[in-house]
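S.K.: Next comes the structure file coords21.cif, holding mmCIF, C-alpha atoms.
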data_model
loop_
_atom_site.label_atom_id
_atom_site.label_comp_id
_atom_site.auth_asym_id
_atom_site.auth_seq_id
_atom_site.Cartn_x
_atom_site.Cartn_y
_atom_site.Cartn_z
CA MET A 1 190.39 116.81 143.29
CA THR A 2 186.73 117.16 142.57
CA ALA A 3 184.01 116.03 144.83
CA THR A 4 181.95 113.16 143.55
CA VAL A 5 178.52 112.07 144.56
CA GLU A 6 178.91 108.53 145.83
CA ALA A 7 175.43 107.35 146.76
CA PRO A 8 172.09 109.03 146.15
CA ALA A 9 171.66 110.95 149.38
CA PRO A 10 168.18 110.89 150.89
CA GLU A 11 166.22 113.62 149.23
CA VAL A 12 166.13 116.69 151.38
CA GLY A 13 162.60 117.77 152.11
CA ALA A 14 161.07 114.63 150.64
CA VAL A 15 157.38 114.34 151.32
CA PRO A 16 156.44 111.04 152.93
CA SER A 17 153.47 109.26 151.47
CA PHE A 18 151.11 106.88 153.19
CA GLN A 19 147.75 105.18 152.85
CA VAL A 20 144.66 106.50 154.49
CA THR A 21 141.09 105.22 154.74
CA LEU A 22 138.15 107.61 154.65
CA LYS A 23 134.79 106.57 156.00
CA ILE A 24 132.27 108.86 154.32
CA ARG A 25 128.58 109.23 155.06
CA ARG A 26 126.71 108.93 151.77
CA PHE A 27 123.18 109.95 151.03
CA LEU A 28 121.46 109.62 147.68
CA PRO A 29 118.11 111.36 147.38
CA ALA A 30 115.21 109.49 145.85
CA ASP A 31 114.82 110.09 142.12
CA GLU A 32 111.22 108.92 141.72
CA ASP A 33 108.41 111.39 142.25
CA MET A 34 106.81 111.76 145.61
CA PRO A 35 103.72 109.62 146.16
CA THR A 36 100.68 111.85 146.24
CA PHE A 37 99.62 110.41 149.58
CA GLY A 38 100.92 108.03 152.22
CA GLU A 39 104.37 107.70 153.70
CA ALA A 40 107.06 109.87 152.18
CA PHE A 41 109.86 107.89 150.58
CA VAL A 42 112.85 108.10 152.87
CA ALA A 43 116.24 107.37 151.37
CA GLU A 44 118.69 105.53 153.61
CA PRO A 45 122.08 107.04 154.29
CA ARG A 46 125.04 104.65 154.28
CA TRP A 47 128.75 104.63 155.11
CA ASP A 48 131.33 104.04 152.36
CA GLU A 49 135.03 103.40 152.93
CA PHE A 50 137.73 104.41 150.46
CA THR A 51 141.47 103.83 150.74
CA VAL A 52 143.78 106.25 148.94
CA ASP A 53 147.53 106.91 148.71
CA VAL A 54 148.29 110.41 149.92
CA HIS A 55 151.25 112.59 150.73
CA GLY A 56 152.13 114.14 154.05
CA THR A 57 151.20 117.55 152.69
CA ASP A 58 147.71 116.48 151.58
CA ARG A 59 144.53 117.75 153.13
CA VAL A 60 141.21 115.98 153.56
CA LEU A 61 140.00 117.84 150.47
CA ASP A 62 142.83 116.32 148.40
CA ALA A 63 141.80 112.86 149.54
CA LEU A 64 138.16 113.60 148.65
CA HIS A 65 139.28 114.80 145.20
CA LYS A 66 141.33 111.65 144.69
CA ILE A 67 138.31 109.52 145.58
CA LYS A 68 136.00 111.49 143.30
CA TRP A 69 138.43 111.55 140.38
CA GLU A 70 139.79 108.02 140.61
CA GLN A 71 137.35 105.81 142.50
CA ASP A 72 133.76 107.06 142.74
CA GLY A 73 132.69 110.00 140.62
CA SER A 74 129.32 110.14 142.34
CA LEU A 75 130.81 111.38 145.62
CA THR A 76 129.34 114.83 146.10
CA PHE A 77 130.75 117.69 148.15
CA ARG A 78 131.11 121.46 147.90
CA ARG A 79 134.37 123.26 147.46
CA SER A 80 135.28 126.43 145.65
CA CYS A 81 138.57 128.13 146.42
CA ALA A 82 140.12 125.17 148.28
CA HIS A 83 142.22 127.56 150.34
CA GLY A 84 140.15 128.26 153.43
CA ILE A 85 138.57 131.52 152.27
CA CYS A 86 135.30 130.74 150.49
CA GLY A 87 133.77 128.68 153.29
CA SER A 88 132.24 126.05 151.00
CA ASP A 89 133.69 122.84 152.38
CA ALA A 90 132.83 122.82 156.06
CA MET A 91 132.19 119.23 157.10
CA ARG A 92 132.24 117.07 160.19
CA ILE A 93 135.63 115.34 160.19
CA ASN A 94 136.30 112.85 163.00
CA GLY A 95 133.39 114.37 164.92
CA ARG A 96 134.56 117.98 164.66
CA ASN A 97 133.43 120.67 162.26
CA ARG A 98 136.35 121.75 160.08
CA LEU A 99 137.15 122.94 156.59
CA ALA A 100 138.29 119.98 154.50
CA CYS A 101 140.78 122.29 152.74
CA LYS A 102 142.48 123.35 155.98
CA THR A 103 142.73 119.96 157.67
CA LEU A 104 145.94 118.01 157.01
CA LEU A 105 145.48 114.24 156.87
CA LYS A 106 148.66 113.64 158.85
CA ASP A 107 147.17 115.58 161.77
CA LEU A 108 144.18 113.25 161.97
CA ASP A 109 145.73 109.95 163.10
CA PRO A 110 145.80 108.31 159.63
CA GLY A 111 146.12 104.89 161.28
CA LYS A 112 142.37 104.83 161.81
CA PRO A 113 139.66 105.50 159.22
CA ILE A 114 138.91 109.21 158.99
CA VAL A 115 135.18 109.77 159.44
CA VAL A 116 133.67 112.43 157.17
CA GLU A 117 130.03 113.51 157.58
CA PRO A 118 127.95 116.48 156.43
CA ILE A 119 127.58 119.26 159.01
CA LYS A 120 124.69 118.65 161.42
CA GLY A 121 121.43 120.51 161.87
CA LEU A 122 120.85 121.39 158.21
CA PRO A 123 118.95 119.17 155.75
CA VAL A 124 121.24 116.97 153.66
CA VAL A 125 120.83 117.40 149.91
CA LYS A 126 123.33 114.78 148.75
CA ASP A 127 126.33 113.11 150.42
CA LEU A 128 128.23 115.97 152.07
CA VAL A 129 126.14 118.80 150.60
CA VAL A 130 123.57 120.39 152.90
CA ASP A 131 120.83 122.93 152.29
CA MET A 132 122.32 126.18 153.59
CA GLU A 133 119.12 128.20 153.16
CA PRO A 134 118.00 128.21 156.83
CA PHE A 135 121.50 129.36 157.75
CA PHE A 136 121.51 132.23 155.25
CA ALA A 137 117.94 133.18 156.20
CA SER A 138 119.15 133.94 159.73
CA TYR A 139 122.12 135.81 158.30
CA ARG A 140 119.90 138.02 156.14
CA GLU A 141 117.64 138.74 159.07
CA ILE A 142 120.31 140.60 161.06
CA MET A 143 120.80 143.00 158.11
CA PRO A 144 124.47 142.41 157.29
CA PHE A 145 125.08 145.76 155.61
CA LEU A 146 126.01 149.28 156.66
CA ILE A 147 123.05 151.32 157.90
CA THR A 148 123.47 155.09 158.12
CA THR A 149 121.33 158.20 158.35
CA GLY A 150 121.77 161.71 157.00
CA THR A 151 123.42 162.81 153.82
CA GLU A 152 126.12 160.69 152.34
CA PRO A 153 129.59 162.11 152.98
CA THR A 154 131.62 163.22 149.97
CA LYS A 155 134.67 161.25 151.12
CA GLU A 156 135.32 158.05 153.05
CA ARG A 157 133.71 157.43 156.41
CA LEU A 158 136.74 157.75 158.68
CA GLN A 159 137.47 155.50 161.62
CA SER A 160 140.39 155.32 164.04
CA ALA A 161 142.54 152.22 164.39
CA GLU A 162 141.04 151.62 167.86
CA GLN A 163 137.50 151.85 166.50
CA ARG A 164 138.39 149.34 163.80
CA GLU A 165 140.02 147.04 166.35
CA ARG A 166 136.75 146.84 168.32
CA PHE A 167 135.10 144.54 165.78
CA ASP A 168 138.17 143.20 163.98
CA ASP A 169 137.67 139.63 165.16
CA THR A 170 134.16 139.27 163.73
CA THR A 171 135.13 140.63 160.29
CA LYS A 172 136.97 137.36 159.66
CA CYS A 173 133.78 135.30 159.22
CA ILE A 174 133.56 133.38 155.92
CA LEU A 175 130.01 132.05 156.49
CA CYS A 176 131.02 128.40 156.33
CA ALA A 177 128.40 127.41 158.95
CA ALA A 178 130.91 125.37 160.96
CA CYS A 179 129.92 127.25 164.14
CA THR A 180 126.15 127.24 163.69
CA SER A 181 126.08 123.55 162.77
CA SER A 182 128.20 122.68 165.83
CA CYS A 183 125.75 124.36 168.21
CA PRO A 184 123.62 121.91 170.23
CA VAL A 185 120.87 124.51 170.62
CA PHE A 186 120.69 124.87 166.83
CA TRP A 187 120.47 121.08 166.47
CA THR A 188 117.28 120.96 168.56
CA ASP A 189 114.86 122.68 166.22
CA GLY A 190 116.91 124.95 163.96
CA GLN A 191 114.97 128.01 165.13
CA TYR A 192 117.89 129.61 167.00
CA PHE A 193 119.58 132.40 165.01
CA GLY A 194 122.88 130.62 165.49
CA PRO A 195 126.41 131.86 166.21
CA ALA A 196 127.21 132.94 162.64
CA ALA A 197 124.28 135.37 162.43
CA ILE A 198 125.20 136.87 165.82
CA VAL A 199 128.87 137.19 164.83
CA ASN A 200 127.89 139.11 161.71
CA ALA A 201 125.52 141.31 163.70
CA HIS A 202 128.40 141.97 166.12
CA ARG A 203 130.54 143.10 163.18
CA PHE A 204 128.09 145.98 162.53
CA ILE A 205 126.80 146.67 166.06
CA PHE A 206 130.32 147.57 167.21
CA ASP A 207 131.28 149.42 164.02
CA SER A 208 131.52 153.15 164.80
CA ARG A 209 130.31 154.03 161.29
CA ASP A 210 127.12 152.02 161.55
CA GLU A 211 123.87 153.41 162.96
CA GLY A 212 121.68 150.31 162.82
CA GLY A 213 122.97 148.86 166.09
CA THR A 214 119.71 149.42 167.98
CA GLN A 215 117.70 147.70 165.25
CA ARG A 216 120.06 144.73 165.23
CA LEU A 217 119.98 144.41 169.02
CA GLU A 218 116.19 144.54 168.80
CA ILE A 219 116.20 141.70 166.24
CA LEU A 220 118.51 139.53 168.34
CA ASN A 221 116.62 140.28 171.58
CA ASP A 222 114.32 137.44 170.57
CA LYS A 223 113.29 134.19 172.21
CA GLU A 224 115.41 132.53 169.51
CA GLY A 225 118.15 135.17 169.70
CA VAL A 226 121.25 135.56 171.86
CA TRP A 227 119.49 134.37 175.03
CA ARG A 228 119.41 130.80 173.75
CA CYS A 229 123.21 130.68 173.85
CA ARG A 230 124.33 128.29 176.61
CA THR A 231 128.04 129.18 176.27
CA THR A 232 129.12 125.64 175.45
CA PHE A 233 131.95 127.10 173.32
CA ASN A 234 131.33 124.55 170.52
CA CYS A 235 131.24 127.46 168.05
CA THR A 236 134.56 128.97 169.16
CA GLU A 237 136.15 125.53 168.92
CA ALA A 238 134.69 124.88 165.46
CA CYS A 239 135.55 128.21 163.83
CA PRO A 240 138.21 127.63 161.15
CA ARG A 241 139.05 131.34 161.23
CA GLY A 242 139.77 131.37 164.95
CA ILE A 243 137.02 133.87 165.75
CA GLU A 244 136.14 134.00 169.44
CA VAL A 245 132.50 133.35 168.63
CA THR A 246 131.18 132.79 172.15
CA LYS A 247 132.88 135.98 173.31
CA ALA A 248 131.20 137.93 170.51
CA ILE A 249 127.80 136.54 171.54
CA GLN A 250 128.43 137.57 175.15
CA GLU A 251 129.39 141.07 174.02
CA VAL A 252 126.08 141.37 172.18
CA LYS A 253 124.27 140.19 175.34
CA ARG A 254 126.10 142.79 177.40
CA ALA A 255 125.17 145.53 174.92
CA MET A 256 121.53 144.54 175.29
CA ILE A 257 121.67 144.56 179.08
CA THR A 258 123.37 147.95 179.30
CA ARG A 259 120.75 149.26 176.88
CA ALA A 260 117.86 147.88 178.96
CA PHE A 261 119.05 149.12 182.37
CA MET B 1 121.14 104.06 162.07
CA SER B 2 119.16 107.24 161.90
CA THR B 3 117.60 108.25 158.64
CA ILE B 4 117.98 111.53 156.86
CA ALA B 5 114.79 112.91 155.40
CA ASP B 6 114.46 112.92 151.65
CA PRO B 7 115.20 116.51 150.64
CA LYS B 8 112.51 116.32 147.99
CA ALA B 9 109.91 115.45 150.61
CA PRO B 10 107.80 118.39 151.69
CA ARG B 11 109.31 119.52 154.95
CA PRO B 12 107.97 121.84 157.57
CA SER B 13 108.73 125.43 156.75
CA ARG B 14 112.16 126.28 158.06
CA PRO B 15 113.05 129.70 159.40
CA GLY B 16 112.80 131.39 156.04
CA PRO B 17 111.79 134.96 155.43
CA SER B 18 108.64 134.14 157.42
CA ARG B 19 110.35 133.30 160.71
CA ARG B 20 108.01 133.95 163.59
CA THR B 21 109.56 136.84 165.50
CA THR B 22 109.30 136.54 169.25
CA ARG B 23 111.02 139.74 170.34
CA GLY B 24 110.76 141.22 173.79
CA ASN B 25 112.67 141.68 176.98
CA PHE B 26 111.34 138.55 178.73
CA GLU B 27 114.39 136.40 178.00
CA LEU B 28 116.68 139.32 178.85
CA TYR B 29 115.12 139.78 182.30
CA GLY B 30 115.11 136.01 182.76
CA TRP B 31 118.83 135.89 182.03
CA VAL B 32 119.61 138.73 184.45
CA PHE B 33 117.35 137.20 187.11
CA MET B 34 119.24 133.90 186.94
CA ARG B 35 122.54 135.69 187.66
CA GLY B 36 121.13 137.92 190.41
CA SER B 37 119.13 135.23 192.19
CA GLY B 38 122.07 132.84 191.96
CA VAL B 39 124.35 135.20 193.87
CA ILE B 40 121.71 136.00 196.52
CA LEU B 41 120.89 132.30 196.94
CA ILE B 42 124.50 131.48 197.74
CA VAL B 43 124.31 133.85 200.74
CA LEU B 44 120.83 132.72 201.81
CA ILE B 45 121.46 128.98 201.54
CA PHE B 46 124.86 128.96 203.20
CA GLY B 47 123.55 131.28 205.93
CA HIS B 48 120.63 128.90 206.43
CA LEU B 49 122.92 125.87 206.62
CA PHE B 50 125.30 127.63 209.01
CA VAL B 51 122.57 128.74 211.42
CA ASN B 52 120.78 125.39 211.38
CA LEU B 53 123.72 123.00 211.45
CA MET B 54 126.74 124.76 213.00
CA VAL B 55 125.56 127.35 215.50
CA GLY B 56 124.82 126.24 219.08
CA GLU B 57 124.04 122.55 219.43
CA GLY B 58 124.14 122.08 215.67
CA ILE B 59 122.07 119.50 213.88
CA SER B 60 120.86 117.78 217.06
CA ALA B 61 118.93 120.91 218.01
CA ILE B 62 116.68 120.75 214.97
CA ASP B 63 113.14 119.68 215.80
CA PHE B 64 109.59 120.94 215.54
CA GLY B 65 110.21 123.48 218.26
CA PHE B 66 113.40 124.79 216.62
CA VAL B 67 111.54 125.57 213.38
CA ALA B 68 108.66 127.12 215.30
CA GLY B 69 111.13 129.30 217.20
CA LYS B 70 112.76 130.53 214.00
CA TRP B 71 109.47 131.39 212.34
CA ALA B 72 108.36 133.35 215.35
CA SER B 73 110.85 136.01 214.23
CA PRO B 74 110.04 138.22 211.21
CA PHE B 75 113.72 138.12 210.24
CA TRP B 76 113.69 134.38 209.58
CA GLN B 77 110.26 134.59 208.01
CA VAL B 78 111.61 137.02 205.42
CA TRP B 79 114.84 135.00 205.02
CA ASP B 80 112.99 131.75 204.38
CA LEU B 81 110.41 133.43 202.18
CA LEU B 82 113.14 134.95 200.00
CA MET B 83 114.94 131.63 199.87
CA LEU B 84 111.77 129.81 198.86
CA TRP B 85 110.74 132.22 196.13
CA LEU B 86 114.19 132.77 194.65
CA ALA B 87 115.09 129.08 194.69
CA MET B 88 111.76 128.07 193.15
CA LEU B 89 111.81 130.72 190.42
CA HIS B 90 115.50 130.10 189.71
CA GLY B 91 114.93 126.36 189.45
CA THR B 92 111.74 126.70 187.42
CA ASN B 93 113.39 129.02 184.94
CA GLY B 94 116.35 126.67 184.66
CA VAL B 95 114.14 123.68 183.94
CA ARG B 96 112.12 125.81 181.49
CA THR B 97 115.25 126.50 179.44
CA ILE B 98 116.19 122.82 179.58
CA ILE B 99 112.74 121.90 178.25
CA ASN B 100 113.13 124.49 175.49
CA ASP B 101 116.52 123.04 174.58
CA TYR B 102 115.65 119.36 174.64
CA ALA B 103 111.94 118.94 173.82
CA GLU B 104 111.69 118.71 170.05
CA LYS B 105 107.93 118.26 169.68
CA ASP B 106 105.54 121.09 170.52
CA THR B 107 103.20 118.79 172.43
CA THR B 108 106.00 117.33 174.56
CA ARG B 109 107.14 120.85 175.35
CA LEU B 110 103.62 121.95 176.30
CA VAL B 111 102.95 118.96 178.57
CA LEU B 112 106.31 119.28 180.34
CA LYS B 113 105.84 123.00 180.88
CA ILE B 114 102.32 122.60 182.27
CA ALA B 115 103.65 119.98 184.72
CA LEU B 116 106.55 122.26 185.66
CA TYR B 117 104.47 125.38 186.24
CA THR B 118 101.81 123.47 188.20
CA ALA B 119 104.44 121.99 190.50
CA SER B 120 106.13 125.39 191.00
CA VAL B 121 102.93 127.27 191.77
CA LEU B 122 101.87 124.54 194.19
CA VAL B 123 105.17 124.55 196.09
CA ILE B 124 105.45 128.35 196.22
CA THR B 125 101.85 128.75 197.43
CA LEU B 126 102.04 126.03 200.06
CA GLY B 127 105.47 127.16 201.25
CA THR B 128 104.40 130.78 201.61
CA LEU B 129 101.26 129.72 203.45
CA VAL B 130 103.25 127.60 205.89
CA ILE B 131 105.83 130.31 206.63
CA PHE B 132 103.16 132.86 207.59
CA THR B 133 100.47 130.71 209.18
CA PHE B 134 102.70 128.25 211.03
CA ASP B 135 101.20 127.58 214.45
CA PRO B 136 103.16 125.08 216.53
CA CYS B 137 100.19 124.59 218.86
CA PRO B 138 96.99 124.38 216.81
CA PRO B 139 93.97 124.54 219.15
CA ASN B 140 91.85 121.44 219.79
CA SER B 141 94.64 119.02 218.80
CA PRO B 142 95.31 115.83 220.76
CA ALA B 143 97.94 116.67 223.36
CA ASP B 144 100.19 113.69 222.52
CA LEU B 145 100.83 115.09 219.00
CA LEU B 146 101.92 118.53 220.22
CA PRO B 147 105.44 119.53 221.28
CA SER B 148 106.07 119.79 224.99
CA PHE B 149 106.17 123.59 225.20
CA CYS B 150 102.56 123.94 224.03
CA THR B 151 101.18 122.89 227.39
CA ALA B 152 103.13 125.61 229.15
#
Since I need it in another form, could you write the structure as structure tokens?
M.R.:
Amino acid sequence: MTATVEAPAPEVGAVPSFQVTLKIRRFLPADEDMPTFGEAFVAEPRWDEFTVDVHGTDRVLDALHKIKWEQDGSLTFRRSCAHGICGSDAMRINGRNRLACKTLLKDLDPGKPIVVEPIKGLPVVKDLVVDMEPFFASYREIMPFLITTGTEPTKERLQSAEQRERFDDTTKCILCAACTSSCPVFWTDGQYFGPAAIVNAHRFIFDSRDEGGTQRLEILNDKEGVWRCRTTFNCTEACPRGIEVTKAIQEVKRAMITRAF
Amino acid sequence: MSTIADPKAPRPSRPGPSRRTTRGNFELYGWVFMRGSGVILIVLIFGHLFVNLMVGEGISAIDFGFVAGKWASPFWQVWDLLMLWLAMLHGTNGVRTIINDYAEKDTTRLVLKIALYTASVLVITLGTLVIFTFDPCPPNSPADLLPSFCTA
């Protein structure tokens, strides 16, 4: 006797689908030229709501794509790899800085509208796209490259596993600006170097092959450097790569103190 | 609803390549001072509270004469002087960082800091003066304003 399929069994591993509403902060820059004098034209930001059908495996980025492709092509946001490596799509989702491509919709309480805003503290260019230049200016200032003296070796610069482990955590940074734009000190006037610049300085300061540590400590021993950190841990909480950002900042502080005394 | 500035509008120069560098060890020493003075102040303040409120007759013993008696000894003069200076500098530095963090306009920041430093200098100067020149029985004062032991 052969076995027969009687009723269509519920599909194993079926992905549930549901509806979700996204509340997105929109900003359209003014197209007309600036008046030569008088008040600058200030464009008003607004909130738009979109409802989309999504699957349980979808991320916020998938929902944004669906909106852009099917409902409103003018919605503007950055994304490149869409897999949590390029660091293009950091945004403020339900009040927390996250990567849209690493945040599952089902984890966000889809019953309520999901609030999506651009990251704070950087000038908004359009919708969810911000001007990253101030952020990268700080990054360039800490000299994020290997600095050595003497003649170049003929083979690799060797390093033990322990020496590599020392700065392993801070090599994970993808420069998405989620940490810097979650920092309340950075929000004040944008002069603070910010967690991301300090993390990337840490990556070289504690690298046994690098010889520019003193210079980097000197650069960060600034009124707007590490001493403005208030250890609120917003950066550690925001980091999509799980870097212990606040800890790295404290380690740079400690290096400065042991150098000074 | 707050407005976002038009990105095409000319905006104040952001920390670009021309960021004003303000390097130096001042903030470093400030940071270390806050930790050091904090620890010392715990000892000083709780010692002060214990001696004034718990030892002997406790709080009911505190009067003009009690303070005069304490300041007659160099030990308590130094204790109170340290407490005054450390607490004032610790507090002033704390408020200074709060002003730096919260004041967004340069003028607001300047006005607040002038007020803060004036108040601190005033309190530290007056306090130091009182600790060292305190005389419980100033000469030529009306007798009914002086404590009882002055007539002795």
S.K.: Just want the 9 Å neighbourhood of region 82-93 of chain B, counted on only C-alpha atoms, with same-chain residues fewer than 3 positions away dropped. Output as a list of chain:residue names.
M.R.: B:Gly30, B:Phe33, B:Met34, B:Ser37, B:Gly38, B:Ile40, B:Leu41, B:Leu44, B:Ile45, B:Gln77, B:Val78, B:Trp79, B:Arg96, B:Thr97, B:Ile98, B:Leu116, B:Tyr117, B:Ser120, B:Val121, B:Val123, B:Ile124, B:Gly127, B:Thr128
S.K.: CA of Glu27 (chain B) to CA of Glu224 (chain A): how many Å, to one decimal?
M.R.: 9.4 Å
S.K.: Set the distance at 12 Å and use only C-alpha atoms: which residues neighbour Ala90 (chain A) once local chain neighbours fewer than 4 positions away are removed? I'd like the list as a PyMOL selection string.
M.R.: chain A and resi 60-61+77-80+82-86+96-103+116-120+128-130+132+174-182+238-241
S.K.: Out of A:Lys247, A:Lys223, A:Arg140, A:Arg230, which residue has the shortest atom-to-atom distance to Tyr29 (chain B) when counting all atoms listed in the file?
M.R.: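 Among the listed residues, A:Lys223 lies closest to Tyr29 (chain B).
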S.K.: Expressed in Å to a single decimal, how great is the separation between CA of Gly111 (chain A) and CA of Leu22 (chain A)?
M.R.: 10.7 Å
S.K.: Identify which of the residues A:His202, A:His55, A:Arg157, A:Lys126 lies closest to chain B, counting all atoms listed in the file when measuring atom-to-atom distances.
M.R.: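 Closest to chain B of all the choices is A:Lys126.
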S.K.: Within 6 Å of chain B, which residues belong to chain A? Use all atoms listed in the file and report them as a ChimeraX atom specification.
M.R.: /A:29,42-44,125,134,137,221-223
S.K.: Hey, can you spit out that residue selection with C-alpha atoms as a PDB file, keeping the file's coordinate frame?
M.R.:
ATOM      1  CA  PRO A  29     118.110 111.360 147.380  1.00  0.00           C
ATOM      2  CA  VAL A  42     112.850 108.100 152.870  1.00  0.00           C
ATOM      3  CA  ALA A  43     116.240 107.370 151.370  1.00  0.00           C
ATOM      4  CA  GLU A  44     118.690 105.530 153.610  1.00  0.00           C
ATOM      5  CA  VAL A 125     120.830 117.400 149.910  1.00  0.00           C
ATOM      6  CA  PRO A 134     118.000 128.210 156.830  1.00  0.00           C
ATOM      7  CA  ALA A 137     117.940 133.180 156.200  1.00  0.00           C
ATOM      8  CA  ASN A 221     116.620 140.280 171.580  1.00  0.00           C
ATOM      9  CA  ASP A 222     114.320 137.440 170.570  1.00  0.00           C
ATOM     10  CA  LYS A 223     113.290 134.190 172.210  1.00  0.00           C
TER      11      LYS A 223
END
S.K.: For Leu104 (chain A), work out the shell of residues within 8 Å, counting only C-alpha atoms and skipping chain neighbours fewer than 3 positions away, then give it as an MDAnalysis selection string.
M.R.: chainID A and resid 56:60 101 107:108
S.K.: Please measure the separation of CA of Asp189 (chain A) and CA of Thr246 (chain A), giving the value in Å to one decimal.
M.R.: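 About the pair CA of Asp189 (chain A) and CA of Thr246 (chain A): they are 20.1 Å apart.
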S.K.: Let me have the centre and edge lengths in Å, one decimal, of the box along x, y and z around every listed atom of region 10-25 of chain A with 4 Å of margin on each side, as lines of an AutoDock Vina configuration file.
M.R.:
center_x = 148.4
center_y = 111.5
center_z = 152.6
size_x = 47.6
size_y = 20.6
size_z = 14.8
S.K.: Let me make sure I understand: among A:Glu211, A:Ile198, A:Phe206, A:Lys106, which one has the smallest atom-to-atom distance to Arg228 (chain A) if we use all atoms listed in the file?
M.R.: A:Ile198
S.K.: With the file shown as input, list the residues that the PyMOL selection byres ((chain A and resi 141) around 10) selects, as JSON, numbers by chain.
M.R.: {"A": [136, 137, 138, 139, 140, 142, 143, 144, 193, 197, 201, 216, 219, 220], "B": [16, 17, 19]}
S.K.: Between B:Met54, B:Val95, B:Leu122, B:Val43, which residue has the minimum interatomic distance to Arg109 (chain B), considering all atoms listed in the file?
M.R.: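 With all atoms listed in the file as the atom set, the closest residue is B:Val95.
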S.K.: I would like the residues chosen by the PyMOL selection byres ((chain A and resi 147) around 6) on the shown file; could you give them as a list in words?
M.R.: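 Against this file, the PyMOL selection byres ((chain A and resi 147) around 6) returns the residues Leu146, Thr148, Asp210, Glu211 and Gly212 of chain A.
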S.K.: Got a sec to resolve the PyMOL selection byres ((chain B and resi 136) around 10) on this structure and send the residues as a list in words?
M.R.: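 In the shown coordinates, the PyMOL selection byres ((chain B and resi 136) around 10) covers Phe64, Gly65, Val67, Ala68, Gly69, Trp71, Ala72, Thr133, Phe134, Asp135, Cys137, Pro138, Pro139, Leu146, Pro147, Phe149 and Cys150 of chain B.
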S.K.: Identify which of the residues A:Glu237, A:Asp89, A:Glu133, A:Glu49 lies closest to Pro195 (chain A), counting all atoms listed in the file when measuring atom-to-atom distances.
M.R.: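 Ranking A:Glu237, A:Asp89, A:Glu133, A:Glu49 by distance to Pro195 (chain A), first place goes to A:Glu237.
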S.K.: Do a neighbour search on region 252-259 of chain A at 7 Å with all atoms listed in the file, toss out local chain neighbours closer than 2 positions, and write the hits as a PyMOL selection string.
M.R.: chain A and resi 202+217+226+248-250+261
S.K.: Closest to Cys183 (chain A) among A:Leu122, A:Arg203, A:Asp127, A:Arg209, using all atoms listed in the file?
M.R.: A:Leu122
